[in-house]
$ cat entry21.cif   # mmCIF, C-alpha atoms
data_entry
loop_
_atom_site.label_atom_id
_atom_site.label_comp_id
_atom_site.auth_asym_id
_atom_site.auth_seq_id
_atom_site.Cartn_x
_atom_site.Cartn_y
_atom_site.Cartn_z
CA MET A 1434 13.87 25.24 13.67
CA LYS A 1435 17.18 23.47 14.08
CA ASP A 1436 18.46 21.71 10.99
CA TYR A 1437 17.93 18.18 12.19
CA ALA A 1438 18.54 16.68 8.75
CA ALA A 1439 22.19 17.77 8.84
CA ASP A 1440 22.58 16.37 12.34
CA THR A 1441 21.57 12.83 11.78
CA ALA A 1442 23.35 10.08 9.91
CA SER A 1443 20.48 7.64 9.68
CA LEU A 1444 18.08 9.38 7.32
CA GLU A 1445 15.51 7.17 5.67
CA THR A 1446 14.39 8.37 2.27
CA VAL A 1447 11.04 7.49 0.73
CA PRO A 1448 10.02 8.91 -2.65
CA VAL A 1449 6.30 9.68 -2.85
CA SER A 1450 4.71 9.69 -6.27
CA THR A 1451 1.57 7.59 -5.81
CA SER A 1452 -1.01 7.22 -3.05
CA GLY A 1453 0.47 3.77 -2.43
CA ASP A 1454 3.74 5.50 -1.62
CA VAL A 1455 1.95 7.61 1.00
CA VAL A 1456 0.93 4.38 2.72
CA SER A 1457 4.46 2.95 2.72
CA MET A 1458 5.90 6.29 3.85
CA ARG A 1459 3.44 6.25 6.75
CA GLN A 1460 4.63 2.75 7.61
CA THR A 1461 8.26 3.94 7.66
CA VAL A 1462 7.38 6.82 9.97
CA ARG A 1463 5.33 4.56 12.23
CA ILE A 1464 8.18 2.06 12.65
CA LEU A 1465 10.60 4.90 13.38
CA ALA A 1466 8.23 6.33 15.99
CA GLN A 1467 7.80 2.95 17.63
CA ARG A 1468 11.56 2.39 17.80
CA ASN A 1469 12.14 5.77 19.36
CA GLY A 1470 9.83 5.30 22.25
CA LEU A 1471 6.94 7.51 21.20
CA SER A 1472 3.74 6.60 23.01
CA LEU A 1473 0.83 5.21 21.02
CA VAL A 1474 -0.93 8.58 20.99
CA HIS A 1475 2.21 10.38 19.84
CA GLN A 1476 2.86 7.74 17.20
CA THR A 1477 -0.66 8.11 15.86
CA LYS A 1478 -0.41 11.89 15.82
CA LEU A 1479 2.92 11.87 14.01
CA VAL A 1480 1.80 9.28 11.46
CA THR A 1481 -1.41 11.19 10.81
CA ALA A 1482 0.51 14.44 10.33
CA ALA A 1483 2.88 12.62 7.96
CA SER A 1484 -0.12 11.28 6.09
CA GLU A 1485 -1.59 14.78 5.66
CA LEU A 1486 1.69 16.34 4.57
CA GLY A 1487 2.57 13.43 2.31
CA ARG A 1488 -0.77 13.62 0.58
CA ASN A 1489 -0.55 17.42 0.23
CA MET A 1490 2.81 16.93 -1.39
CA LEU A 1491 1.33 14.39 -3.80
CA VAL A 1492 -1.84 16.29 -4.65
CA TYR A 1493 -0.56 19.87 -4.77
CA GLY A 1494 3.18 19.42 -5.32
CA GLY A 1495 3.09 16.57 -7.82
CA GLY A 1496 4.93 14.22 -5.46
CA GLY A 1497 8.31 14.54 -3.82
CA VAL A 1498 10.68 13.00 -1.35
CA VAL A 1499 10.18 12.28 2.34
CA ARG A 1500 13.14 11.95 4.67
CA ALA A 1501 12.77 10.72 8.20
CA ALA A 1502 15.21 10.19 11.03
CA PRO A 1503 15.40 9.65 14.75
CA VAL A 1504 16.65 12.75 16.61
CA LEU A 1505 17.88 13.43 20.11
CA ASP A 1506 17.62 16.75 21.92
CA ALA A 1507 19.08 17.00 25.43
CA GLY A 1508 18.50 13.30 25.97
CA ARG A 1509 14.93 13.48 24.72
CA PRO A 1510 14.27 11.22 21.70
CA GLY A 1511 12.04 12.22 18.85
CA VAL A 1512 11.36 11.73 15.18
CA PHE A 1513 12.11 14.23 12.46
CA VAL A 1514 10.35 14.10 9.09
CA GLU A 1515 10.93 16.32 6.08
CA PHE A 1516 8.63 16.62 3.04
CA ARG A 1517 10.16 18.20 -0.02
CA ASP A 1518 8.41 18.73 -3.33
CA LYS A 1519 9.22 20.68 -6.47
CA GLY A 1520 5.68 21.87 -7.02
CA PRO A 1521 4.47 25.40 -7.75
CA GLY A 1522 4.67 26.41 -4.08
CA ILE A 1523 2.04 27.90 -1.80
CA ALA A 1524 1.11 31.47 -2.74
CA ASP A 1525 -0.22 32.54 0.66
CA LEU A 1526 1.15 30.51 3.56
CA ASP A 1527 -1.02 32.21 6.20
CA LEU A 1528 -4.13 31.47 4.20
CA ALA A 1529 -3.04 27.86 3.58
CA LEU A 1530 -2.58 27.41 7.33
CA THR A 1531 -6.12 28.64 8.06
CA ASP A 1532 -8.55 25.99 9.24
CA GLY A 1533 -11.08 25.10 6.61
CA TRP A 1534 -9.35 26.79 3.71
CA THR A 1535 -8.54 24.55 0.76
CA SER A 1536 -7.52 25.17 -2.82
CA GLY A 1537 -8.62 21.65 -3.72
CA ASN A 1538 -11.59 19.66 -2.51
CA GLY A 1539 -10.28 18.44 0.84
CA MET A 1540 -11.47 19.52 4.27
CA GLY A 1541 -8.92 22.30 4.54
CA LEU A 1542 -7.54 20.89 7.77
CA GLY A 1543 -4.50 18.99 6.50
CA LEU A 1544 -1.80 21.63 6.88
CA SER A 1545 -3.18 23.39 9.95
CA GLY A 1546 -4.14 20.08 11.55
CA ALA A 1547 -0.71 18.59 10.92
CA LYS A 1548 0.84 21.63 12.59
CA ARG A 1549 -1.28 21.02 15.70
CA LEU A 1550 -0.40 17.32 15.75
CA VAL A 1551 3.38 17.80 16.02
CA ASP A 1552 5.74 19.66 18.38
CA GLU A 1553 7.82 21.50 15.82
CA PHE A 1554 6.62 22.63 12.44
CA ASP A 1555 8.49 24.55 9.81
CA ILE A 1556 7.36 25.38 6.31
CA GLU A 1557 9.22 27.04 3.45
CA SER A 1558 7.56 27.62 0.13
CA GLY A 1559 8.60 29.29 -3.08
CA PRO A 1560 8.07 28.97 -6.79
CA SER A 1561 10.60 26.13 -6.91
CA GLY A 1562 8.83 23.98 -4.35
CA THR A 1563 7.70 23.51 -0.79
CA THR A 1564 9.53 21.96 2.15
CA VAL A 1565 7.84 21.07 5.41
CA ARG A 1566 9.83 19.84 8.41
CA ILE A 1567 8.25 18.42 11.52
CA VAL A 1568 9.45 16.92 14.78
CA LYS A 1569 7.50 14.94 17.34
CA TRP A 1570 9.15 14.39 20.72
CA ALA A 1571 8.60 11.44 22.99
CA LYS A 1572 7.47 13.07 26.21
CA MET B 1338 34.28 -17.96 -42.14
CA ASN B 1339 31.07 -15.96 -42.07
CA THR B 1340 27.74 -15.89 -40.30
CA GLU B 1341 26.15 -17.95 -43.03
CA SER B 1342 28.44 -20.92 -42.60
CA ASN B 1343 28.19 -20.54 -38.82
CA ILE B 1344 24.45 -20.84 -39.12
CA ARG B 1345 24.77 -23.87 -41.38
CA LEU B 1346 27.04 -25.50 -38.85
CA LEU B 1347 24.59 -24.68 -36.04
CA VAL B 1348 21.61 -26.04 -37.91
CA ASP B 1349 23.50 -29.21 -38.79
CA THR B 1350 24.61 -29.80 -35.22
CA LEU B 1351 21.22 -28.94 -33.72
CA THR B 1352 19.43 -31.20 -36.21
CA GLY B 1353 21.92 -34.05 -36.03
CA GLN B 1354 22.02 -34.32 -32.25
CA ARG B 1355 18.47 -33.16 -31.54
CA GLU B 1356 17.57 -36.14 -29.37
CA GLU B 1357 20.71 -36.00 -27.20
CA PHE B 1358 20.56 -32.24 -26.77
CA LEU B 1359 16.89 -32.27 -25.91
CA ALA B 1360 17.26 -35.05 -23.38
CA GLN B 1361 20.15 -33.30 -21.69
CA TRP B 1362 18.42 -29.91 -21.76
CA THR B 1363 15.33 -31.40 -20.16
CA ARG B 1364 17.49 -33.07 -17.54
CA THR B 1365 19.43 -29.89 -16.69
CA VAL B 1366 16.31 -27.75 -16.41
CA GLY B 1367 14.53 -30.53 -14.54
CA GLU B 1368 17.27 -30.57 -11.90
CA ASP B 1369 16.88 -26.82 -11.44
CA LEU B 1370 13.15 -27.08 -10.99
CA ARG B 1371 13.57 -30.03 -8.62
CA GLY B 1372 10.57 -32.03 -9.66
CA ARG B 1373 8.03 -29.24 -9.39
CA LEU B 1374 7.22 -29.77 -13.04
CA SER B 1375 6.68 -33.22 -14.55
CA THR B 1376 9.48 -34.38 -16.84
CA ALA B 1377 7.00 -35.24 -19.61
CA GLU B 1378 5.51 -31.76 -19.55
CA LEU B 1379 8.91 -30.09 -19.40
CA GLY B 1380 10.19 -32.31 -22.22
CA ARG B 1381 7.23 -31.35 -24.42
CA GLU B 1382 7.69 -27.64 -23.66
CA LEU B 1383 11.39 -27.67 -24.41
CA ALA B 1384 10.99 -29.79 -27.55
CA GLU B 1385 8.52 -27.25 -28.94
CA LEU B 1386 10.90 -24.46 -28.09
CA TYR B 1387 13.90 -26.31 -29.53
CA ASP B 1388 12.13 -26.93 -32.82
CA ALA B 1389 10.94 -23.34 -33.05
CA VAL B 1390 14.48 -22.05 -32.52
CA LEU B 1391 15.87 -24.59 -34.98
CA THR B 1392 13.34 -23.59 -37.65
CA ALA B 1393 14.07 -19.91 -37.08
CA VAL B 1394 17.84 -20.38 -37.25
CA GLY B 1395 17.29 -22.56 -40.33
CA THR B 1396 15.94 -19.54 -42.19
CA GLY B 1397 19.37 -17.97 -41.74
CA SER B 1398 18.54 -15.50 -38.99
CA LEU B 1399 20.03 -15.02 -35.55
CA ASP B 1400 18.03 -11.88 -34.75
CA SER B 1401 15.76 -12.70 -31.83
CA ARG B 1402 13.57 -9.66 -32.56
CA GLY B 1403 13.10 -10.71 -36.19
CA GLU B 1404 9.96 -12.12 -37.76
CA GLN B 1405 11.47 -15.61 -37.98
CA PHE B 1406 11.56 -15.80 -34.21
CA ALA B 1407 7.93 -14.80 -33.70
CA GLU B 1408 6.94 -18.32 -32.77
CA THR B 1409 9.91 -18.77 -30.43
CA ARG B 1410 9.00 -15.53 -28.70
CA SER B 1411 5.39 -16.50 -28.22
CA LEU B 1412 6.45 -19.90 -26.85
CA LEU B 1413 8.80 -18.19 -24.41
CA VAL B 1414 6.13 -15.72 -23.31
CA GLU B 1415 3.80 -18.63 -22.68
CA LEU B 1416 6.52 -20.51 -20.78
CA SER B 1417 7.33 -17.57 -18.52
CA ARG B 1418 3.65 -16.89 -17.88
CA ASP B 1419 3.18 -20.48 -16.74
CA ARG B 1420 6.30 -20.36 -14.59
CA ALA B 1421 5.31 -17.05 -13.00
CA ARG B 1422 1.85 -18.37 -12.20
CA GLN B 1423 3.26 -21.58 -10.73
CA GLY B 1424 5.49 -19.57 -8.43
CA PHE B 1425 8.90 -20.29 -9.94
CA THR B 1426 11.59 -17.67 -9.36
CA PRO B 1427 12.81 -15.45 -12.21
CA THR B 1428 16.20 -17.20 -12.09
CA GLU B 1429 14.62 -20.62 -12.46
CA THR B 1430 12.54 -19.34 -15.37
CA VAL B 1431 15.37 -17.71 -17.28
CA ARG B 1432 17.67 -20.65 -16.57
CA SER B 1433 15.33 -22.77 -18.70
CA VAL B 1434 16.70 -20.84 -21.67
CA PHE B 1435 20.30 -20.45 -20.56
CA ALA B 1436 20.65 -24.14 -19.76
CA LEU B 1437 20.72 -24.83 -23.49
CA LYS B 1438 24.07 -23.04 -23.65
CA GLU B 1439 25.56 -25.46 -21.16
CA VAL B 1440 24.19 -28.39 -23.09
CA LEU B 1441 25.68 -27.22 -26.38
CA GLU B 1442 29.03 -26.14 -24.99
CA PRO B 1443 30.88 -29.49 -25.14
CA SER B 1444 29.73 -30.23 -28.70
CA LEU B 1445 30.36 -26.78 -30.11
CA THR B 1446 33.66 -25.69 -28.64
CA GLY B 1447 35.87 -28.32 -30.27
CA ASP B 1448 37.46 -25.99 -32.80
CA ALA B 1449 37.61 -22.26 -33.47
CA GLU B 1450 35.00 -22.41 -36.19
CA SER B 1451 32.31 -24.04 -34.11
CA ALA B 1452 33.26 -21.92 -31.11
CA ARG B 1453 32.42 -18.82 -33.13
CA ALA B 1454 29.10 -20.37 -34.07
CA TYR B 1455 28.54 -21.22 -30.42
CA LEU B 1456 29.21 -17.64 -29.36
CA GLN B 1457 26.78 -16.28 -31.92
CA PHE B 1458 24.14 -18.73 -30.83
CA GLY B 1459 24.91 -17.78 -27.23
CA ARG B 1460 24.10 -14.16 -27.99
CA LEU B 1461 20.79 -15.23 -29.44
CA LEU B 1462 20.03 -17.22 -26.30
CA ASP B 1463 20.96 -14.22 -24.14
CA ASP B 1464 18.41 -12.12 -26.00
CA LEU B 1465 15.79 -14.82 -25.65
CA GLY B 1466 16.59 -15.07 -21.94
CA MET B 1467 16.02 -11.37 -21.46
CA LEU B 1468 12.77 -11.60 -23.35
CA THR B 1469 11.74 -14.40 -21.02
CA SER B 1470 12.51 -12.41 -17.91
CA GLU B 1471 10.57 -9.42 -19.26
CA ALA B 1472 7.56 -11.63 -19.93
CA TYR B 1473 7.93 -13.12 -16.47
CA LEU B 1474 7.93 -9.68 -14.85
CA ARG B 1475 4.93 -8.59 -16.86
CA THR B 1476 2.98 -11.60 -15.69
CA ARG B 1477 3.95 -10.97 -12.08
CA GLU B 1478 2.78 -7.37 -12.36
CA GLU B 1479 -0.52 -8.55 -13.79
CA ILE B 1480 -0.89 -10.99 -10.92
CA ILE B 1481 -0.15 -8.27 -8.36
CA SER B 1482 -2.62 -5.80 -9.82
CA SER B 1483 -5.36 -8.40 -10.04
CA GLN B 1484 -4.66 -9.38 -6.43
CA ALA B 1485 -4.93 -5.75 -5.41
CA GLU B 1486 -8.35 -5.65 -7.01
CA GLN B 1487 -9.39 -8.84 -5.30
CA LEU B 1488 -8.18 -7.47 -1.99
CA LEU B 1489 -10.31 -4.39 -2.49
CA GLU B 1490 -13.34 -6.62 -2.87
CA LEU B 1491 -12.35 -8.92 -0.04
CA SER B 1492 -11.65 -6.33 2.55
CA THR B 1493 -14.95 -4.52 2.37
CA PRO B 1494 -17.69 -6.83 3.53
CA VAL B 1495 -21.05 -5.51 4.65
CA VAL B 1496 -22.64 -7.87 7.16
CA LYS B 1497 -26.07 -8.06 8.63
CA LEU B 1498 -25.67 -7.87 12.42
CA TRP B 1499 -29.30 -8.02 13.43
CA ASP B 1500 -32.72 -7.51 11.94
CA GLY B 1501 -32.51 -3.98 10.63
CA VAL B 1502 -28.85 -3.46 11.51
CA VAL B 1503 -25.93 -3.85 9.11
CA GLY B 1504 -22.24 -3.53 9.97
CA VAL B 1505 -19.24 -2.51 7.88
CA PRO B 1506 -15.98 -3.63 9.50
CA LEU B 1507 -13.29 -1.59 7.76
CA VAL B 1508 -9.74 -2.91 7.79
CA GLY B 1509 -6.70 -1.17 6.37
CA THR B 1510 -6.32 2.01 4.42
CA LEU B 1511 -9.41 3.85 3.27
CA ASP B 1512 -8.75 5.54 -0.05
CA SER B 1513 -11.14 6.89 -2.65
CA ALA B 1514 -11.40 3.59 -4.54
CA ARG B 1515 -12.25 1.62 -1.41
CA THR B 1516 -14.65 4.23 -0.13
CA GLN B 1517 -16.53 3.95 -3.39
CA VAL B 1518 -16.75 0.16 -3.03
CA VAL B 1519 -17.80 0.43 0.62
CA MET B 1520 -20.44 3.04 -0.10
CA GLU B 1521 -21.97 1.11 -2.98
CA LYS B 1522 -22.04 -2.12 -1.00
CA LEU B 1523 -23.46 -0.46 2.09
CA LEU B 1524 -26.24 1.35 0.25
CA GLN B 1525 -27.18 -1.79 -1.66
CA THR B 1526 -27.19 -3.90 1.51
CA LEU B 1527 -29.38 -1.34 3.27
CA VAL B 1528 -31.95 -1.79 0.51
CA ASP B 1529 -31.59 -5.57 0.24
CA THR B 1530 -31.90 -6.25 3.96
CA ASP B 1531 -34.42 -3.50 4.60
CA SER B 1532 -32.21 -2.14 7.36
CA THR B 1533 -32.61 1.16 9.18
CA HIS B 1534 -29.28 1.19 11.01
CA ALA B 1535 -25.71 0.96 9.76
CA ILE B 1536 -22.58 0.73 11.89
CA ILE B 1537 -19.24 1.52 10.28
CA ASP B 1538 -16.49 0.06 12.43
CA ILE B 1539 -13.03 1.57 11.99
CA THR B 1540 -11.14 -0.48 14.59
CA GLY B 1541 -9.01 -1.90 11.78
CA VAL B 1542 -8.17 1.46 10.18
CA PRO B 1543 -4.70 2.39 11.45
CA THR B 1544 -4.65 6.02 10.36
CA VAL B 1545 -7.64 8.35 10.30
CA ASP B 1546 -6.55 11.53 8.53
CA THR B 1547 -8.66 14.21 6.89
CA GLN B 1548 -9.03 12.18 3.71
CA VAL B 1549 -10.31 9.11 5.56
CA ALA B 1550 -12.62 11.30 7.65
CA GLN B 1551 -13.98 12.99 4.57
CA HIS B 1552 -14.67 9.63 2.96
CA LEU B 1553 -16.38 8.39 6.12
CA LEU B 1554 -18.56 11.49 6.33
CA LYS B 1555 -19.61 11.13 2.69
CA THR B 1556 -20.58 7.51 3.28
CA VAL B 1557 -22.62 8.46 6.34
CA VAL B 1558 -24.40 11.25 4.48
CA ALA B 1559 -25.26 8.90 1.63
CA ALA B 1560 -26.65 6.30 4.05
CA ARG B 1561 -28.71 8.98 5.78
CA MET B 1562 -30.19 10.08 2.49
CA MET B 1563 -31.59 6.59 2.23
CA GLY B 1564 -33.20 6.99 5.63
CA ALA B 1565 -30.71 4.91 7.61
CA GLN B 1566 -29.13 5.89 10.93
CA CYS B 1567 -25.38 5.65 10.68
CA THR B 1568 -22.93 5.19 13.55
CA ILE B 1569 -19.15 5.13 13.43
CA SER B 1570 -17.67 2.74 15.97
CA GLY B 1571 -14.22 1.53 16.90
CA ILE B 1572 -12.78 4.95 17.71
CA ARG B 1573 -9.72 4.13 19.81
CA PRO B 1574 -8.34 6.66 22.31
CA GLN B 1575 -5.36 7.63 20.16
CA ILE B 1576 -7.60 8.09 17.12
CA ALA B 1577 -10.02 10.25 19.11
CA GLN B 1578 -7.18 12.51 20.28
CA THR B 1579 -5.77 12.76 16.79
CA ILE B 1580 -9.13 13.62 15.25
CA VAL B 1581 -9.65 16.37 17.83
CA ALA B 1582 -6.16 17.79 17.25
CA LEU B 1583 -6.68 17.75 13.50
CA GLY B 1584 -9.86 19.73 14.01
CA ILE B 1585 -12.20 17.31 12.26
CA GLU B 1586 -15.80 17.58 13.39
CA PHE B 1587 -18.11 14.65 13.00
CA GLY B 1588 -21.06 16.93 13.73
CA ASP B 1589 -24.15 15.05 14.84
CA ILE B 1590 -22.90 11.68 13.63
CA PRO B 1591 -23.01 9.31 16.59
CA THR B 1592 -19.69 7.63 17.37
CA ASN B 1593 -18.78 4.83 19.75
CA ALA B 1594 -15.65 3.33 21.21
CA SER B 1595 -16.68 -0.21 20.43
CA LEU B 1596 -18.85 -2.09 18.00
CA SER B 1597 -20.80 -3.70 20.83
CA ASP B 1598 -21.79 -0.30 22.26
CA ALA B 1599 -22.89 0.83 18.83
CA LEU B 1600 -24.87 -2.36 18.32
CA ARG B 1601 -26.57 -2.01 21.71
CA GLN B 1602 -27.55 1.54 20.84
CA ALA B 1603 -28.83 0.52 17.42
CA LEU B 1604 -30.87 -2.36 18.85
CA LYS B 1605 -32.49 0.00 21.36
CA GLU B 1606 -33.51 2.31 18.57
CA VAL B 1607 -34.77 -0.54 16.43
CA ALA B 1608 -36.90 -1.75 19.39
CA LEU B 1609 -38.27 1.77 19.93
CA ASP B 1610 -39.18 2.05 16.26
CA ALA B 1611 -40.96 -1.30 16.47
CA GLU B 1612 -42.93 -0.17 19.51
CA ASP B 1613 -43.98 2.97 17.70
CA ASP B 1614 -45.10 0.87 14.76
CA VAL B 1615 -47.23 -1.33 17.00
CA ARG B 1616 -48.79 1.68 18.69
CA GLY B 1617 -49.47 3.20 15.31
CA LEU B 1618 -51.36 0.10 14.28
CA LEU B 1619 -53.49 0.12 17.41
#
$ encode --input "entry21.cif" --output "structure tokens"
Amino acid sequence: MKDYAADTASLETVPVSTSGDVVSMRQTVRILAQRNGLSLVHQTKLVTAASELGRNMLVYGGGGVVRAAPVLDAGRPGVFVEFRDKGPGIADLDLALTDGWTSGNGMGLGLSGAKRLVDEFDIESGPSGTTVRIVKWAK
Amino acid sequence: MNTESNIRLLVDTLTGQREEFLAQWTRTVGEDLRGRLSTAELGRELAELYDAVLTAVGTGSLDSRGEQFAETRSLLVELSRDRARQGFTPTETVRSVFALKEVLEPSLTGDAESARAYLQFGRLLDDLGMLTSEAYLRTREEIISSQAEQLLELSTPVVKLWDGVVGVPLVGTLDSARTQVVMEKLLQTLVDTDSTHAIIDITGVPTVDTQVAQHLLKTVVAARMMGAQCTISGIRPQIAQTIVALGIEFGDIPTNASLSDALRQALKEVALDAEDDVRGLL
């Protein structure tokens, strides 16, 4: 995935350390999606994906930082969101991306579902933390 | 010239001109608050505070954290609580303390000796001002958290829609705490109203993610265990598409686009049940 974070000047940063922060982060992403011409369905999908990833970050990564920005690719607008935590990392990424698998007590659809909800999905995980980057394009 | 004689000078000045200082202090603060607090009340508040400070300084201390200032501190905490509750800004609240500096300035800056006393007293007032703003913030935080609790209660009504049908219009974010409140209220209302059908309407829930879905499913399962039919209504097109993409399955839980459809369905079932009952009797 292209490094959209380096490309854009207008990054909005939201620290997430409580479930209240997840709600305000969602609000930030929603406003960004609305401003960038995403349709209602695309907005909802992006916000829901952000909600899943934000909560994962909070529950499994002990909180972290979310950065969001409008992006433009060949004239097509979109929204880029990055979730970065300093948690223990995900031991088996393939397993974590399997529908129905959870290490906690969720539904096991958060990570895999979020991947299906967005157009671009990139995940890096190691012992020093996990970073997920997503992009949703306005079609 | 030492602290001791400074304090003596302060106490003498503050005692000697008590009436003038108090009147002017009340006037200055009163102007700031622009009549939102009665002058009599303000005058009483400030007089109490003035005397407490005077007594404390009279013991020879200028340490706002010291034991001598315990009463002053509790008066200030009380003052900032009242101000925070009445909706005054933090500046207006803290100014109540700082205004005393302005009042004393002309009388205490005549010569070097009294100026030093004034500066020392000013430091004390600075400390007291900070204490006031801390107390103010604490009160505001208390207000906010109690409002959050009230909101939790407010935003989760369970209403009786028809004989045997109750509705739960959900608005806002559905987290674990709210789900718990909703579930308890719903189950209790089912018993109280002797209802067989419950409709949970999520038109007002902006984001339905896996956590919200999981909470909804738990609520439905609990209602079913009590023998009630549970429908989820208010599934908007974008929510439906998102739920499908996420891969959430609602299984055999009936869902509807609108509350009215869900109600129609529920009423039909209630009528059928009633017919069966009648037949059973015959």
$ closest_atom_pairs --input "entry21.cif" --of "chain A" --to "chain B" --cutoff "6 Å" --atoms "only C-alpha atoms" --output "tab-separated table"
residue	atom	partner	partner_atom	distance
A:Val1474	CA	B:Gln1575	CA	4.6
A:Lys1478	CA	B:Thr1579	CA	5.5
A:Thr1481	CA	B:Asp1546	CA	5.6
A:Gly1546	CA	B:Leu1583	CA	4.0
A:Leu1550	CA	B:Ala1582	CA	6.0
$ write_last_selection --input "entry21.cif" --atoms "C-alpha atoms" --output "PDB file, in the coordinates of the input"
ATOM      1  CA  VAL A1474      -0.930   8.580  20.990  1.00  0.00           C
ATOM      2  CA  LYS A1478      -0.410  11.890  15.820  1.00  0.00           C
ATOM      3  CA  THR A1481      -1.410  11.190  10.810  1.00  0.00           C
ATOM      4  CA  GLY A1546      -4.140  20.080  11.550  1.00  0.00           C
ATOM      5  CA  LEU A1550      -0.400  17.320  15.750  1.00  0.00           C
TER       6      LEU A1550
END
$ closest_residue --input "entry21.cif" --among "B:Lys1438, B:Arg1453, B:His1534, B:His1552" --to "Gln1566 of chain B" --atoms "only C-alpha atoms"
B:His1534
$ resolve_selection --input "entry21.cif" --expression "the PyMOL selection byres ((chain A and resi 1516-1523) around 6)" --output "JSON, numbers by chain"
{"A": [1494, 1495, 1497, 1498, 1499, 1515, 1524, 1525, 1558, 1559, 1560, 1561, 1562, 1563, 1564, 1565]}
$ write_last_selection --input "entry21.cif" --atoms "C-alpha atoms" --output "PDB file, in the coordinates of the input"
ATOM      1  CA  GLY A1494       3.180  19.420  -5.320  1.00  0.00           C
ATOM      2  CA  GLY A1495       3.090  16.570  -7.820  1.00  0.00           C
ATOM      3  CA  GLY A1497       8.310  14.540  -3.820  1.00  0.00           C
ATOM      4  CA  VAL A1498      10.680  13.000  -1.350  1.00  0.00           C
ATOM      5  CA  VAL A1499      10.180  12.280   2.340  1.00  0.00           C
ATOM      6  CA  GLU A1515      10.930  16.320   6.080  1.00  0.00           C
ATOM      7  CA  ALA A1524       1.110  31.470  -2.740  1.00  0.00           C
ATOM      8  CA  ASP A1525      -0.220  32.540   0.660  1.00  0.00           C
ATOM      9  CA  SER A1558       7.560  27.620   0.130  1.00  0.00           C
ATOM     10  CA  GLY A1559       8.600  29.290  -3.080  1.00  0.00           C
ATOM     11  CA  PRO A1560       8.070  28.970  -6.790  1.00  0.00           C
ATOM     12  CA  SER A1561      10.600  26.130  -6.910  1.00  0.00           C
ATOM     13  CA  GLY A1562       8.830  23.980  -4.350  1.00  0.00           C
ATOM     14  CA  THR A1563       7.700  23.510  -0.790  1.00  0.00           C
ATOM     15  CA  THR A1564       9.530  21.960   2.150  1.00  0.00           C
ATOM     16  CA  VAL A1565       7.840  21.070   5.410  1.00  0.00           C
TER      17      VAL A1565
END
$ atom_distance --input "entry21.cif" --atom1 "atom CA of Asp1464 of chain B" --atom2 "atom CA of Leu1383 of chain B"
17.1 Å
$ resolve_selection --input "entry21.cif" --expression "the PyMOL selection byres ((chain B and resi 1342) around 12)" --output "PyMOL selection string"
chain B and resi 1338-1341+1343-1349+1394-1395+1397-1398+1450-1451+1453-1454+1457
$ resolve_selection --input "entry21.cif" --expression "the PyMOL selection byres ((chain A and resi 1508) around 12)" --output "list in words"
Asn1469, Val1504, Leu1505, Asp1506, Ala1507, Arg1509, Pro1510, Gly1511, Trp1570, Ala1571 and Lys1572 of chain A
$ residues_around --input "entry21.cif" --residues "Thr1530 of chain B" --least-positions-apart "2" --cutoff "12 Å" --atoms "only C-alpha atoms" --output "mmCIF file with C-alpha atoms, keeping the file's coordinate frame"
data_model
loop_
_atom_site.group_PDB
_atom_site.id
_atom_site.type_symbol
_atom_site.label_atom_id
_atom_site.label_comp_id
_atom_site.auth_asym_id
_atom_site.auth_seq_id
_atom_site.Cartn_x
_atom_site.Cartn_y
_atom_site.Cartn_z
ATOM 1 C CA VAL B 1495 -21.050 -5.510 4.650
ATOM 2 C CA VAL B 1496 -22.640 -7.870 7.160
ATOM 3 C CA LYS B 1497 -26.070 -8.060 8.630
ATOM 4 C CA LEU B 1498 -25.670 -7.870 12.420
ATOM 5 C CA TRP B 1499 -29.300 -8.020 13.430
ATOM 6 C CA ASP B 1500 -32.720 -7.510 11.940
ATOM 7 C CA GLY B 1501 -32.510 -3.980 10.630
ATOM 8 C CA VAL B 1502 -28.850 -3.460 11.510
ATOM 9 C CA VAL B 1503 -25.930 -3.850 9.110
ATOM 10 C CA GLY B 1504 -22.240 -3.530 9.970
ATOM 11 C CA LYS B 1522 -22.040 -2.120 -1.000
ATOM 12 C CA LEU B 1523 -23.460 -0.460 2.090
ATOM 13 C CA LEU B 1524 -26.240 1.350 0.250
ATOM 14 C CA GLN B 1525 -27.180 -1.790 -1.660
ATOM 15 C CA THR B 1526 -27.190 -3.900 1.510
ATOM 16 C CA LEU B 1527 -29.380 -1.340 3.270
ATOM 17 C CA VAL B 1528 -31.950 -1.790 0.510
ATOM 18 C CA SER B 1532 -32.210 -2.140 7.360
ATOM 19 C CA THR B 1533 -32.610 1.160 9.180
ATOM 20 C CA HIS B 1534 -29.280 1.190 11.010
ATOM 21 C CA ALA B 1535 -25.710 0.960 9.760
ATOM 22 C CA ALA B 1565 -30.710 4.910 7.610
#
$ closest_residue --input "entry21.cif" --among "B:Thr1469, B:Gln1517, B:Gln1487, B:Thr1350" --to "Ser1444 of chain B" --atoms "all atoms listed in the file"
B:Thr1350
$ closest_residue --input "entry21.cif" --among "A:Ser1545, A:Asn1489, A:Thr1477, A:Ser1443" --to "Val1462 of chain A" --atoms "only C-alpha atoms"
A:Thr1477
$ atom_distance --input "entry21.cif" --atom1 "atom CA of Val1542 of chain B" --atom2 "atom CA of Leu1491 of chain A"
21.3 Å
$ residues_around --input "entry21.cif" --residues "Arg1488 of chain A" --least-positions-apart "3" --cutoff "8 Å" --atoms "all atoms listed in the file" --output "list of chain:residue names"
A:Ser1452, A:Val1455, A:Ser1484, A:Glu1485, A:Leu1491, A:Val1492
